[in-house]
Amino acid sequence: MRRPAGTQLLQEADGPMSAPTVGVEEELHVSSASSGRLVSRGTDVLGQVRPDPRDGAVVAELTLSQVETVTTVGTGVEDVVTKAAALRRAAGAAAAGLGLDLLASGTPVLGDADEQVLAPDERYQALRTRVGDLVREQLIAGMHVHVGVPDGDDARVAVVDGLRPWLPALLAMTANSPYFLGRDTGFASYRQVHWQRWPVAGPPPVTRDAAGWRAAVTSLVDAGVADDPSYVYWDVRLASRFPTVEVRIADVVPTVEDAALAVALIRALAAGVLTARSDGRRPVADPPEPTQHALRAATWRAARYGLQDRLVDPRTGTLTAAPLVVRAMLEHALPGLERNGDLELAREGMRRLARDGNGAQRQRAAYARAGWSGVLDVVRVRPDAPAPQLLPPPAPAHELVGDGNGWVRCACGQQHWGRHGAAGLLAVRPGPAGPEVLMQLRSPWTHQGGTWGLPGGARDSHESVSQAARREAHEETGVDPAALTDVGELVVDHGPWSYTYVLATAPAETRAGVANPESDAVEWLPVDRVAGLELHPALREVWPRLRERVRGLVTLTP
């Protein structure tokens, strides 16, 4: 919450900026490496850490069971994420030398709130006096993204107003706090629930301009719940010490690669607002401005379910599958992503999110697999972590292409095609009567020819399942991979071999057709017609599960 003297998070660049600068703060829990329990030894870590000042600083937080990394000004997403990664490594190495771990989770996984100690700082002691016992359980860790807006407070307020509708979607994709001190809370972001108890937290009101912002902030100071404007911690706000807009909605995420997508989207949304403002217009695709109570309710729902249920779509005000709302945010941010040069980085981040899920999903999957040790492994800051890889590796050497072709003898007694497994694409687009799926009538000469299936095939060793499914679909149907947004996966696991169905949505105008001899026909068919077709046996077996996933994910209209 507090910066050391002389730490400048963002500054105005000389001359016009082609894209906004960015900065990142990450709050990290300090835990015992042997037990995983929260310990108040942040001061010990700070005494040992030696970050490169070009990357930023590691500072104290509200409780001694946390430390916070603060980057210096980043010229772009890759720059600032590289700085954040270096600070994580430096802090993690200092902790490891003391027999401690740092955990990147929105709430502490294990521990006891009564054992934690408040930092001896006048500002924090004043908070304890004001809010009483709320401080005792203020064991939450967020990621705060600063976007440089040097054009004055009116411009900063415009950015705040433009970001407001997308706050729940940003929370859903970064939710990373399902566990709190040894129990499953039922929430994806329990941190957000804790934070909402404060009268200075939550979504900001629409204020239109600097005068309106000052009036709104002053009303909280006059009500006696904040000493000055710097104590107003809305989910997105005008930073009090820097010419930035500070977005505070996100949980701290497990890896800096996770952080990159959020930073890119926030930066792009801000850039879109600033570009429109410089042109004297409002963005054409602006969603309606939600009321304060509606936005608070939408944020609560995002905290409760994350990506695993429906969110309020800010464009329509209706409940829509969470992955589609996140995709809508990406589409809304496209002009800014293109202007900033972050489009491919964001698309790769979306593919990673669809494949791996958010932090809450990964924590719960790890608990089911390995208990608390698995959860701690997901959120542990690793001093030896490699440099962040925000884009896929370069194209593989020629000899690796096609190395997945071949049969695998399975424990089930059958042979399966794909030395490294196989993947298929379940593409869904809006149609006149509802969702339509891309289906392929297999040519008679192929395995199980004459049946309807999904485009797909063997995965090469260098490919992810998404890359394999998209490549096969393009080869067989001509569908444009860039038109697809991954929204989920379903894996049929045979142990030595697996087949992954990659679910992806596509715009209504997405076209496809017969592109090679493996297909006799390629059609977009209403989802309810699929069960009546002569399906490939493997697809027929799994189709009821896929159909429910489609219905749960998509409520599409042309």
# chains A, B, ... in the order shown; residues from 1 in each chain; ligands from 1
$ residues_around --residues "segment 345-361 of chain A" --least-positions-apart "4" --cutoff "6 Å" --atoms "only C-alpha atoms" --output "number ranges by chain"
A: 173-178, 188, 261, 391, 486-488
$ select_by_dssp --residues "segment 381-554 of chain A" --states "strand (DSSP E)" --output "PyMOL selection string"
chain A and resi 407-409+415-417+422-431+434-442+452-453+456-458+485-493+498-505+519-526
$ residues_around --residues "His536 of chain A" --least-positions-apart "6" --cutoff "6 Å" --atoms "only C-alpha atoms" --output "list in words"
Thr451, Trp452 and Gly453 of chain A
$ write_last_selection --atoms "C-alpha atoms" --output "PDB file, in the first residue's frame"
ATOM      1  CA  THR A 451     -19.459 -41.032 -40.175  1.00  0.00           C
ATOM      2  CA  TRP A 452     -19.654 -37.455 -38.908  1.00  0.00           C
ATOM      3  CA  GLY A 453     -16.931 -36.212 -36.630  1.00  0.00           C
TER       4      GLY A 453
END
$ select_by_dssp --residues "segment 403-472 of chain A" --states "helix (DSSP H, G or I)" --output "list in words"
Val465, Ser466, Gln467, Ala468, Ala469, Arg470, Arg471 and Glu472 of chain A
$ atom_distance --atom1 "atom CA of Val77 of chain A" --atom2 "atom CA of Glu27 of chain A"
18.8 Å
$ atom_distance --atom1 "atom CA of Asp377 of chain A" --atom2 "atom CA of Ala90 of chain A"
18.4 Å
$ residues_around --residues "Arg471 of chain A" --least-positions-apart "6" --cutoff "12 Å" --atoms "only C-alpha atoms" --output "compact mmCIF listing (two decimals) with all heavy atoms, in the first residue's frame"
# COMPACT_ATOMS: atom_id res chain seq x y z
N VAL A 401 8.07 -31.55 -37.65
CA VAL A 401 6.73 -31.46 -38.20
C VAL A 401 6.27 -32.85 -38.62
O VAL A 401 6.94 -33.54 -39.40
CB VAL A 401 6.69 -30.49 -39.40
CG1 VAL A 401 5.32 -30.50 -40.04
CG2 VAL A 401 7.07 -29.10 -38.94
N GLY A 402 5.13 -33.27 -38.09
CA GLY A 402 4.59 -34.59 -38.42
C GLY A 402 5.13 -35.71 -37.56
O GLY A 402 4.79 -36.88 -37.80
N ALA A 422 -3.73 -37.01 -29.45
CA ALA A 422 -4.44 -36.37 -30.55
C ALA A 422 -5.40 -35.34 -30.01
O ALA A 422 -5.70 -35.30 -28.81
CB ALA A 422 -5.19 -37.41 -31.38
N ALA A 423 -5.87 -34.47 -30.91
CA ALA A 423 -6.76 -33.39 -30.50
C ALA A 423 -7.75 -33.10 -31.62
O ALA A 423 -7.45 -33.27 -32.81
CB ALA A 423 -5.98 -32.13 -30.16
N GLY A 424 -8.94 -32.69 -31.22
CA GLY A 424 -9.97 -32.29 -32.19
C GLY A 424 -10.56 -30.96 -31.79
O GLY A 424 -10.50 -30.55 -30.63
N LEU A 425 -11.15 -30.28 -32.77
CA LEU A 425 -11.71 -28.95 -32.54
C LEU A 425 -13.23 -29.00 -32.53
O LEU A 425 -13.84 -29.44 -33.51
CB LEU A 425 -11.25 -27.98 -33.63
CG LEU A 425 -11.80 -26.56 -33.50
CD1 LEU A 425 -11.10 -25.83 -32.36
CD2 LEU A 425 -11.65 -25.79 -34.80
N PRO A 455 -13.14 -32.09 -36.89
CA PRO A 455 -11.80 -32.05 -37.46
C PRO A 455 -10.76 -32.22 -36.36
O PRO A 455 -10.89 -31.69 -35.26
CB PRO A 455 -11.71 -30.66 -38.09
CG PRO A 455 -12.78 -29.85 -37.41
CD PRO A 455 -13.86 -30.81 -37.06
N GLY A 456 -9.73 -33.01 -36.66
CA GLY A 456 -8.70 -33.25 -35.66
C GLY A 456 -7.71 -34.27 -36.15
O GLY A 456 -7.82 -34.80 -37.25
N GLY A 457 -6.73 -34.56 -35.30
CA GLY A 457 -5.72 -35.53 -35.67
C GLY A 457 -4.60 -35.58 -34.67
O GLY A 457 -4.69 -35.04 -33.55
N ALA A 458 -3.49 -36.18 -35.06
CA ALA A 458 -2.35 -36.40 -34.18
C ALA A 458 -1.68 -35.08 -33.80
O ALA A 458 -1.60 -34.14 -34.59
CB ALA A 458 -1.33 -37.31 -34.86
N ARG A 459 -1.18 -35.03 -32.56
CA ARG A 459 -0.46 -33.87 -32.06
C ARG A 459 1.03 -34.11 -32.20
O ARG A 459 1.54 -35.15 -31.79
CB ARG A 459 -0.81 -33.61 -30.59
CG ARG A 459 -0.11 -32.42 -29.98
CD ARG A 459 -0.59 -32.15 -28.57
NE ARG A 459 -0.06 -33.11 -27.62
CZ ARG A 459 1.10 -33.00 -26.98
NH1 ARG A 459 1.88 -31.96 -27.22
NH2 ARG A 459 1.48 -33.92 -26.11
N ASP A 460 1.74 -33.14 -32.81
CA ASP A 460 3.19 -33.22 -32.88
C ASP A 460 3.81 -32.88 -31.53
O ASP A 460 3.18 -32.22 -30.68
CB ASP A 460 3.73 -32.28 -33.95
CG ASP A 460 3.41 -32.75 -35.37
OD1 ASP A 460 3.10 -33.95 -35.53
OD2 ASP A 460 3.48 -31.93 -36.29
N GLU A 463 3.75 -29.21 -30.24
CA GLU A 463 2.48 -28.49 -30.23
C GLU A 463 1.75 -28.65 -28.91
O GLU A 463 1.80 -29.72 -28.27
CB GLU A 463 1.57 -29.01 -31.34
CG GLU A 463 2.03 -28.76 -32.74
CD GLU A 463 1.04 -29.32 -33.76
OE1 GLU A 463 0.70 -30.52 -33.66
OE2 GLU A 463 0.62 -28.55 -34.64
N SER A 464 1.00 -27.62 -28.54
CA SER A 464 -0.02 -27.78 -27.50
C SER A 464 -1.24 -28.44 -28.14
O SER A 464 -1.35 -28.51 -29.38
CB SER A 464 -0.41 -26.42 -26.93
OG SER A 464 -1.11 -25.65 -27.91
N VAL A 465 -2.16 -28.90 -27.33
CA VAL A 465 -3.37 -29.52 -27.90
C VAL A 465 -4.17 -28.49 -28.69
O VAL A 465 -4.77 -28.81 -29.72
CB VAL A 465 -4.24 -30.17 -26.80
CG1 VAL A 465 -3.57 -31.41 -26.26
CG2 VAL A 465 -4.56 -29.19 -25.69
N THR A 477 -10.66 -28.21 -42.97
CA THR A 477 -11.88 -27.43 -43.25
C THR A 477 -11.60 -26.01 -43.72
O THR A 477 -12.54 -25.30 -44.09
CB THR A 477 -12.76 -27.36 -41.99
OG1 THR A 477 -12.14 -26.49 -41.02
CG2 THR A 477 -12.97 -28.74 -41.37
N GLY A 478 -10.34 -25.56 -43.65
CA GLY A 478 -10.01 -24.20 -44.05
C GLY A 478 -10.41 -23.14 -43.06
O GLY A 478 -10.27 -21.94 -43.32
N VAL A 479 -10.93 -23.52 -41.88
CA VAL A 479 -11.35 -22.52 -40.89
C VAL A 479 -10.13 -21.72 -40.45
O VAL A 479 -9.03 -22.25 -40.28
CB VAL A 479 -12.05 -23.19 -39.70
CG1 VAL A 479 -11.08 -24.01 -38.87
CG2 VAL A 479 -12.76 -22.16 -38.83
N ASP A 480 -10.31 -20.42 -40.28
CA ASP A 480 -9.22 -19.51 -39.91
C ASP A 480 -8.92 -19.65 -38.42
O ASP A 480 -9.77 -19.32 -37.59
CB ASP A 480 -9.62 -18.07 -40.25
CG ASP A 480 -8.52 -17.06 -39.91
OD1 ASP A 480 -7.41 -17.50 -39.53
OD2 ASP A 480 -8.78 -15.86 -40.03
N PRO A 481 -7.72 -20.12 -38.04
CA PRO A 481 -7.41 -20.26 -36.61
C PRO A 481 -7.51 -18.94 -35.85
O PRO A 481 -7.84 -18.93 -34.66
CB PRO A 481 -5.98 -20.79 -36.60
CG PRO A 481 -5.79 -21.43 -37.95
CD PRO A 481 -6.62 -20.61 -38.89
N ALA A 482 -7.23 -17.82 -36.51
CA ALA A 482 -7.27 -16.52 -35.82
C ALA A 482 -8.69 -16.12 -35.44
O ALA A 482 -8.87 -15.24 -34.60
CB ALA A 482 -6.65 -15.44 -36.71
N LEU A 484 -10.79 -18.07 -33.97
CA LEU A 484 -11.22 -18.95 -32.89
C LEU A 484 -10.73 -18.43 -31.54
O LEU A 484 -9.61 -17.96 -31.42
CB LEU A 484 -10.69 -20.36 -33.11
CG LEU A 484 -11.07 -21.03 -34.44
CD1 LEU A 484 -10.28 -22.33 -34.61
CD2 LEU A 484 -12.56 -21.29 -34.52
N VAL A 502 -10.88 -29.63 -27.95
CA VAL A 502 -10.68 -28.21 -27.68
C VAL A 502 -11.94 -27.46 -28.09
O VAL A 502 -12.33 -27.47 -29.27
CB VAL A 502 -9.46 -27.67 -28.45
CG1 VAL A 502 -9.29 -26.16 -28.23
CG2 VAL A 502 -8.20 -28.41 -28.03
$ residues_around --residues "Trp543 of chain A" --least-positions-apart "4" --cutoff "9 Å" --atoms "only C-alpha atoms" --output "list in words"
Val530, Ala531, Ala538, Leu539, Arg547 and Glu548 of chain A
$ residues_around --residues "Ala506 of chain A" --least-positions-apart "6" --cutoff "6 Å" --atoms "only C-alpha atoms" --output "list in words"
Val428, Arg429, Ala483 and Leu484 of chain A
$ residues_around --residues "Thr185 of chain A" --least-positions-apart "4" --cutoff "12 Å" --atoms "only C-alpha atoms" --output "number ranges by chain"
A: 107-109, 176-181, 189-194, 303-305, 360, 364
$ write_last_selection --atoms "C-alpha atoms" --output "compact mmCIF listing (two decimals), in the first residue's frame"
# COMPACT_ATOMS: atom_id res chain seq x y z
CA THR A 107 -5.34 -15.32 0.39
CA PRO A 108 -3.00 -17.42 2.55
CA VAL A 109 -3.48 -21.14 2.04
CA ASN A 176 -6.70 -16.95 -7.31
CA SER A 177 -7.90 -17.26 -3.72
CA PRO A 178 -10.23 -20.23 -3.15
CA TYR A 179 -8.59 -21.27 0.14
CA PHE A 180 -8.26 -19.25 3.32
CA LEU A 181 -6.22 -20.52 6.28
CA SER A 189 -11.66 -14.96 -5.18
CA TYR A 190 -12.18 -14.91 -1.43
CA ARG A 191 -9.79 -11.98 -1.33
CA GLN A 192 -12.40 -9.84 -3.04
CA VAL A 193 -15.04 -10.83 -0.47
CA HIS A 194 -12.71 -9.83 2.37
CA ALA A 303 -15.59 -13.52 -7.05
CA ARG A 304 -17.92 -16.42 -6.32
CA TYR A 305 -17.61 -18.37 -9.56
CA ALA A 360 -8.45 -20.74 -8.43
CA ARG A 364 -8.49 -26.71 -6.62
$ closest_residue --among "A:Met439, A:Met329, A:Ala260, A:Met143" --to "Glu534 of chain A" --atoms "only C-alpha atoms"
A:Met439
$ closest_residue --among "A:Leu102, A:Ala86, A:Ala508, A:Gly97" --to "Gly42 of chain A" --atoms "only C-alpha atoms"
A:Leu102
$ closest_residue --among "A:Asp279, A:Glu122, A:Asp52, A:Glu115" --to "Arg136 of chain A" --atoms "only C-alpha atoms"
A:Glu115
$ closest_residue --among "A:Asn340, A:Ser373, A:Thr207, A:Gln389" --to "Arg237 of chain A" --atoms "only C-alpha atoms"
A:Thr207
$ closest_residue --among "A:Asp384, A:Glu289, A:Glu472, A:Glu137" --to "Val160 of chain A" --atoms "only C-alpha atoms"
A:Glu289
$ atom_distance --atom1 "atom CA of Ala328 of chain A" --atom2 "atom CA of Asp313 of chain A"
8.3 Å
$ closest_residue --among "A:Leu426, A:Ala302, A:Leu163, A:Leu525" --to "Phe187 of chain A" --atoms "only C-alpha atoms"
A:Ala302
$ decode --residues "segment 235-246 of chain A" --atoms "N, CA, C and O atoms" --output "CSV table (one decimal), in the first residue's frame"
chain,number,residue,atom,x,y,z
A,235,ASP,N,-11.7,-0.2,-6.8
A,235,ASP,CA,-11.1,-1.2,-7.6
A,235,ASP,C,-10.4,-0.7,-8.8
A,235,ASP,O,-9.5,-1.3,-9.4
A,236,VAL,N,-10.7,0.5,-9.2
A,236,VAL,CA,-9.9,1.3,-10.2
A,236,VAL,C,-10.0,2.7,-9.7
A,236,VAL,O,-11.0,3.2,-9.4
A,237,ARG,N,-8.8,3.4,-9.7
A,237,ARG,CA,-8.8,4.7,-9.1
A,237,ARG,C,-7.7,5.6,-9.7
A,237,ARG,O,-6.8,5.1,-10.4
A,238,LEU,N,-7.8,6.9,-9.4
A,238,LEU,CA,-6.7,7.8,-9.8
A,238,LEU,C,-5.7,7.6,-8.7
A,238,LEU,O,-6.0,7.8,-7.5
A,239,ALA,N,-4.5,7.2,-9.0
A,239,ALA,CA,-3.4,7.1,-8.1
A,239,ALA,C,-3.1,8.5,-7.5
A,239,ALA,O,-3.2,9.5,-8.1
A,240,SER,N,-2.8,8.5,-6.2
A,240,SER,CA,-2.7,9.8,-5.5
A,240,SER,C,-1.3,10.4,-5.6
A,240,SER,O,-1.2,11.6,-5.5
A,241,ARG,N,-0.3,9.6,-5.9
A,241,ARG,CA,1.1,10.1,-6.0
A,241,ARG,C,1.7,10.1,-7.4
A,241,ARG,O,2.8,10.6,-7.6
A,242,PHE,N,1.0,9.5,-8.4
A,242,PHE,CA,1.6,9.4,-9.7
A,242,PHE,C,0.5,9.7,-10.7
A,242,PHE,O,-0.7,9.6,-10.5
A,243,PRO,N,0.9,10.1,-11.9
A,243,PRO,CA,-0.1,10.4,-13.0
A,243,PRO,C,-0.5,9.1,-13.7
A,243,PRO,O,-0.3,8.9,-14.9
A,244,THR,N,-1.1,8.2,-12.9
A,244,THR,CA,-1.6,6.9,-13.4
A,244,THR,C,-3.0,6.6,-13.0
A,244,THR,O,-3.6,7.2,-12.1
A,245,VAL,N,-3.6,5.7,-13.7
A,245,VAL,CA,-4.8,5.0,-13.3
A,245,VAL,C,-4.4,3.7,-12.7
A,245,VAL,O,-3.6,2.9,-13.3
A,246,GLU,N,-4.8,3.4,-11.5
A,246,GLU,CA,-4.4,2.2,-10.8
A,246,GLU,C,-5.6,1.2,-10.7
A,246,GLU,O,-6.7,1.5,-10.2
